[in-house]
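Structure first, commentary second.
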Amino acid sequence: MNTLPSNDNEVLVRVENVGKIFCRDFKKSLLYGVSDAVHEFLPFVGGKKIDECGEVILRPSEFWANKDISFEVRRGECLGLIGRNGAGKTTLLRMLNGLIKPDFGFIEARGRIGAIIALGAGFNHILTGRENVYVNGSLLGLSKSEIDAKIDDIIDFAEIEEFIDSPVQSYSSGMQVRLGFAVATAMEPDVLILDEVLAVGDAAFRSKCLKRIGKISRNSAILFVSHDQGHIARICDKVLYLEKGRPSFFGNKDEGLKKYHDVITKEGIASAPPELHDRVTSFRVCSPEEGLFVKTGGPIEIDFEIESGEEIANESCNFFFVDHQRVLAGHADFSKQLRSIPKGKSLITIKIAAVDLAGGPYQVNVQIFAKGGRELLVHAFGCARLNVAGPHRLWCGYRLPVAGVEVQLRQE
């Protein structure tokens with residue numbers, strides 16, 4: 001199968017009203033499968049039942065994995081699929097790649113398709129990496145001479161020269177992903193399907209992948225699943241937001257990511273009671289229940305109360321900002337501004353000059369140390385929520401600039 005002629009307006013992926021039903025019970029799923037298979041040849045026997053409104057009547061233990069999904073992806077476009085775990089993203093990709101058949105609707109994918117949907121998928125673990133490259137290339141319709149011309153680039157990109165002639169079963173998860181991504185992208189697919197391919201691997205590999213995706217996106221249609229909203233914002237043109245298998249939004253990536261973040265924000269971020277040393281009586285961050293709000297690049301003040309039975313000197317105070325995926329996005333160290341914690345109850349105001357965080361919800365974690373960082377006084381996990389209004393982009397910094405800290409004492 002040859003690559004299709006380049007056409008900027010060409011629709012390479014078309015999905016119309018696609019639905020897929022799964023069964024939670026294994027034995028029942030086998031029974032339903034036989035019934036549906038017979039129904040295809042003898043329409044009057046078995047099969048799914050439809051009510052008077054035209055809706056499918058689910059049988060016991062059945063549920064919709066995907067329902068009423070429609071979209072198009074043209075050459076040169078990248079569609080990001082977002083949603084919680086279990087939202088139906090991988091099921092949709094499996095149908096697009098022809099691994100499973102939709103129960104309802106229509107799917108059309110034109111041209112050569114390259115896909116990485118599961119770790120190690122498409123590899124024979126007994127064969128070597130080199131042998132798997134030739135097998136995958138043959139399945140995509142490439143001749144041996146065409147694969148010979150690409151294999152050096154594949155091995156170089158995957159950075160596994162020493163292990164290319166070893167069985168894939170001896171590869172680490174990172175090595176399998178590097179080889180799978182290198183093969184899928186080097187074959188110049190018309191349609192590229194990537195499911196959490198950047199979730200495994202180091203930062204250098206992820207950077208290489210993003211550059212490769214950007215390079216091939218000009219002549220391919222890409223469907224990209226990731227829980228990293230920075231990656232979605234960087235490489236995708238549109239997003240499809242799935243909730244419980246159904247489309248909640250399809251369109252502009254900024255609007256779609258905002259809807260996704262709004263849902264996460266409303267549900268809140270996990271918190272736990274603060275862990276306090278015997279020298280600290282109480283601790284709490286003074287913030288409204290709905291959280292603190294700030295614009296990207298704007299200033300913010302965070303107040304917290306702390307009570308101690310004695311003055312504690314030589315302390316270290318750190319605020320950590322963690323995104324909804326539990327990834328550290330920002331860190332502010334106030335060790336130089338706050339030299340000691342006074343005896344009694346104190347209100348401490350932290351002023352940050354510029355919060356350079358991407359748009360979205362974050363949780364605030366606090367750690368306070370004494371004795372040169374050897375004694376943990378306060379460990380508060382999820383003690384406050386921070387909502388940042390701004391573009392959903394990759395955050396490039398780490399240490400946030402600090403304007404200063406004020407310490408105010410409250411009298412008993």
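Ordered as shown in the structure tokens, chains take letters A, B, and onward, while each chain numbers its residues from 1 and ligands are numbered from 1 in the order shown.
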
TODO: Pick out the residues sitting within 6 Å of A:Gly105, and hand them over as a PyMOL selection string; count only C-alpha atoms, and ignore anything fewer than 2 positions along from it in its own chain.
DONE: chain A and resi 16-18

Restricting the output to N, CA and C atoms, write the selected residues as an mmCIF file, in the first residue's frame.
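part.cif written:
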data_model
loop_
_atom_site.group_PDB
_atom_site.id
_atom_site.type_symbol
_atom_site.label_atom_id
_atom_site.label_comp_id
_atom_site.auth_asym_id
_atom_site.auth_seq_id
_atom_site.Cartn_x
_atom_site.Cartn_y
_atom_site.Cartn_z
ATOM 1 N N GLU A 16 -18.136 8.587 12.092
ATOM 2 C CA GLU A 16 -19.530 9.017 12.090
ATOM 3 C C GLU A 16 -20.352 8.153 13.038
ATOM 4 N N ASN A 17 -20.843 8.774 14.122
ATOM 5 C CA ASN A 17 -21.780 8.143 15.070
ATOM 6 C C ASN A 17 -21.301 6.768 15.543
ATOM 7 N N VAL A 18 -20.036 6.680 15.881
ATOM 8 C CA VAL A 18 -19.446 5.401 16.280
ATOM 9 C C VAL A 18 -19.821 5.062 17.720
#

- [ ] Once DSSP has gone over the backbone, tell me which residues of stretch 208-376 of chain A are in strand (DSSP E), as a ChimeraX atom specification.
- [x] /A:221-225,238-243,246-252,275-276,280-286,292-295,300-308,312-313,316-323,328-333,340-341,344-352,360-370,375-376

Task: Close residues, A:Thr128 itself excluded, 7 Å, only C-alpha atoms, min 2 positions apart in chain, as a list in words - done: Ile126, Arg130, Glu131, Asn132, Ile164, Asp165, Ser166, Pro167 and Val168 of chain A

Just to be explicit: take each residue in the selection above, keep C-alpha atoms, and write the result as an mmCIF file, in the first residue's frame.
data_model
loop_
_atom_site.group_PDB
_atom_site.id
_atom_site.type_symbol
_atom_site.label_atom_id
_atom_site.label_comp_id
_atom_site.auth_asym_id
_atom_site.auth_seq_id
_atom_site.Cartn_x
_atom_site.Cartn_y
_atom_site.Cartn_z
ATOM 1 C CA ILE A 126 10.924 -13.563 20.777
ATOM 2 C CA ARG A 130 15.939 -5.591 13.983
ATOM 3 C CA GLU A 131 13.670 -8.469 12.949
ATOM 4 C CA ASN A 132 10.648 -6.668 14.377
ATOM 5 C CA ILE A 164 19.030 -4.029 18.255
ATOM 6 C CA ASP A 165 19.967 -7.681 17.701
ATOM 7 C CA SER A 166 18.705 -8.803 21.131
ATOM 8 C CA PRO A 167 15.201 -10.260 21.673
ATOM 9 C CA VAL A 168 12.597 -7.584 22.410
#

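Minimum atom-to-atom distance to A:Asn318, evaluated using only C-alpha atoms, belongs to A:Gln367 out of A:Ser346, A:Thr281, A:Asn97, A:Gln367.
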
TODO: Tell me which of A:Val177, A:Ile116, A:Val280, A:Ala358 sits closest to A:Arg94, counting only C-alpha atoms.
DONE: A:Ile116

- [ ] Compare A:Glu72, A:Asp103, A:Glu55, A:Glu40 by their minimum atom-to-atom distance to A:Gly19, counting only C-alpha atoms, and give me the closest one.
- [x] A:Asp103

Task: Atomic distance atom CA of A:Leu328 - atom CA of A:Ile232, expressed in Å with one decimal - done: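 Calculated distance between atom CA of A:Leu328 and atom CA of A:Ile232 is 18.1 Å.
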
TODO: Give the alpha helix (DSSP H) residues of stretch 157-230 of chain A, as assigned by DSSP on the backbone, as a ChimeraX atom specification.
DONE: /A:157-158,173-186,203-216,229-230

Convert the current residue selection to file output with N, CA and C atoms, as an mmCIF file, in the first residue's frame.
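The result, written out as result-v9.cif:
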data_model
loop_
_atom_site.group_PDB
_atom_site.id
_atom_site.type_symbol
_atom_site.label_atom_id
_atom_site.label_comp_id
_atom_site.auth_asym_id
_atom_site.auth_seq_id
_atom_site.Cartn_x
_atom_site.Cartn_y
_atom_site.Cartn_z
ATOM 1 N N PHE A 157 17.444 6.805 16.009
ATOM 2 C CA PHE A 157 16.453 7.546 16.791
ATOM 3 C C PHE A 157 16.154 6.817 18.101
ATOM 4 N N ALA A 158 16.024 5.494 18.038
ATOM 5 C CA ALA A 158 15.675 4.721 19.234
ATOM 6 C C ALA A 158 16.824 4.615 20.222
ATOM 7 N N SER A 173 10.820 -1.103 29.330
ATOM 8 C CA SER A 173 9.641 -0.427 28.778
ATOM 9 C C SER A 173 10.039 0.795 27.966
ATOM 10 N N GLY A 174 11.057 1.534 28.441
ATOM 11 C CA GLY A 174 11.509 2.703 27.699
ATOM 12 C C GLY A 174 12.110 2.342 26.354
ATOM 13 N N MET A 175 12.866 1.264 26.297
ATOM 14 C CA MET A 175 13.467 0.822 25.038
ATOM 15 C C MET A 175 12.387 0.392 24.046
ATOM 16 N N GLN A 176 11.350 -0.302 24.528
ATOM 17 C CA GLN A 176 10.262 -0.720 23.650
ATOM 18 C C GLN A 176 9.531 0.484 23.062
ATOM 19 N N VAL A 177 9.285 1.487 23.891
ATOM 20 C CA VAL A 177 8.601 2.684 23.401
ATOM 21 C C VAL A 177 9.460 3.413 22.383
ATOM 22 N N ARG A 178 10.759 3.543 22.651
ATOM 23 C CA ARG A 178 11.642 4.241 21.717
ATOM 24 C C ARG A 178 11.662 3.542 20.361
ATOM 25 N N LEU A 179 11.759 2.206 20.386
ATOM 26 C CA LEU A 179 11.789 1.471 19.126
ATOM 27 C C LEU A 179 10.441 1.548 18.425
ATOM 28 N N GLY A 180 9.339 1.390 19.177
ATOM 29 C CA GLY A 180 8.008 1.452 18.572
ATOM 30 C C GLY A 180 7.725 2.804 17.951
ATOM 31 N N PHE A 181 8.102 3.877 18.638
ATOM 32 C CA PHE A 181 7.877 5.217 18.110
ATOM 33 C C PHE A 181 8.739 5.454 16.879
ATOM 34 N N ALA A 182 10.002 5.011 16.941
ATOM 35 C CA ALA A 182 10.901 5.202 15.797
ATOM 36 C C ALA A 182 10.376 4.487 14.563
ATOM 37 N N VAL A 183 9.870 3.254 14.728
ATOM 38 C CA VAL A 183 9.340 2.503 13.593
ATOM 39 C C VAL A 183 8.093 3.169 13.036
ATOM 40 N N ALA A 184 7.143 3.522 13.931
ATOM 41 C CA ALA A 184 5.863 4.083 13.491
ATOM 42 C C ALA A 184 6.034 5.394 12.741
ATOM 43 N N THR A 185 6.979 6.224 13.169
ATOM 44 C CA THR A 185 7.135 7.542 12.548
ATOM 45 C C THR A 185 8.056 7.505 11.334
ATOM 46 N N ALA A 186 9.012 6.587 11.324
ATOM 47 C CA ALA A 186 9.951 6.522 10.194
ATOM 48 C C ALA A 186 9.302 5.974 8.940
ATOM 49 N N ALA A 203 13.318 12.876 29.629
ATOM 50 C CA ALA A 203 12.986 14.176 29.048
ATOM 51 C C ALA A 203 13.598 14.354 27.666
ATOM 52 N N ALA A 204 14.815 13.840 27.472
ATOM 53 C CA ALA A 204 15.466 13.976 26.169
ATOM 54 C C ALA A 204 14.696 13.226 25.096
ATOM 55 N N PHE A 205 14.203 12.030 25.435
ATOM 56 C CA PHE A 205 13.423 11.260 24.468
ATOM 57 C C PHE A 205 12.110 11.959 24.141
ATOM 58 N N ARG A 206 11.434 12.496 25.151
ATOM 59 C CA ARG A 206 10.170 13.201 24.901
ATOM 60 C C ARG A 206 10.385 14.400 23.991
ATOM 61 N N SER A 207 11.482 15.116 24.192
ATOM 62 C CA SER A 207 11.786 16.264 23.336
ATOM 63 C C SER A 207 11.996 15.826 21.893
ATOM 64 N N LYS A 208 12.716 14.710 21.685
ATOM 65 C CA LYS A 208 12.925 14.184 20.334
ATOM 66 C C LYS A 208 11.599 13.785 19.691
ATOM 67 N N CYS A 209 10.732 13.156 20.486
ATOM 68 C CA CYS A 209 9.436 12.724 19.952
ATOM 69 C C CYS A 209 8.597 13.917 19.511
ATOM 70 N N LEU A 210 8.570 14.968 20.329
ATOM 71 C CA LEU A 210 7.776 16.142 19.987
ATOM 72 C C LEU A 210 8.286 16.785 18.694
ATOM 73 N N LYS A 211 9.600 16.828 18.528
ATOM 74 C CA LYS A 211 10.166 17.387 17.297
ATOM 75 C C LYS A 211 9.805 16.516 16.096
ATOM 76 N N ARG A 212 9.872 15.188 16.279
ATOM 77 C CA ARG A 212 9.533 14.273 15.177
ATOM 78 C C ARG A 212 8.053 14.400 14.815
ATOM 79 N N ILE A 213 7.192 14.507 15.826
ATOM 80 C CA ILE A 213 5.753 14.654 15.565
ATOM 81 C C ILE A 213 5.483 15.938 14.794
ATOM 82 N N GLY A 214 6.158 17.025 15.214
ATOM 83 C CA GLY A 214 5.985 18.288 14.508
ATOM 84 C C GLY A 214 6.431 18.219 13.066
ATOM 85 N N LYS A 215 7.470 17.428 12.803
ATOM 86 C CA LYS A 215 7.994 17.306 11.447
ATOM 87 C C LYS A 215 7.044 16.543 10.531
ATOM 88 N N ILE A 216 6.494 15.417 11.025
ATOM 89 C CA ILE A 216 5.646 14.587 10.167
ATOM 90 C C ILE A 216 4.209 15.078 10.125
ATOM 91 N N GLN A 229 -1.370 17.878 29.545
ATOM 92 C CA GLN A 229 -2.068 18.907 28.789
ATOM 93 C C GLN A 229 -1.105 19.872 28.104
ATOM 94 N N GLY A 230 0.138 19.966 28.622
ATOM 95 C CA GLY A 230 1.130 20.791 27.947
ATOM 96 C C GLY A 230 1.478 20.234 26.576
#

Task: A:Arg279 surroundings by only C-alpha atoms, 12 Å radius, close-in-sequence under 6 positions cut, as a PyMOL selection string - done: chain A and resi 306-313+341-344+368-370+375-378

TODO: Choose the residue, out of A:Ile154, A:Leu79, A:Ala115, A:Val56, that has the smallest atom-to-atom separation from A:Pro189; count only C-alpha atoms.
DONE: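 Ranked by minimum distance to A:Pro189, first place goes to A:Ala115.
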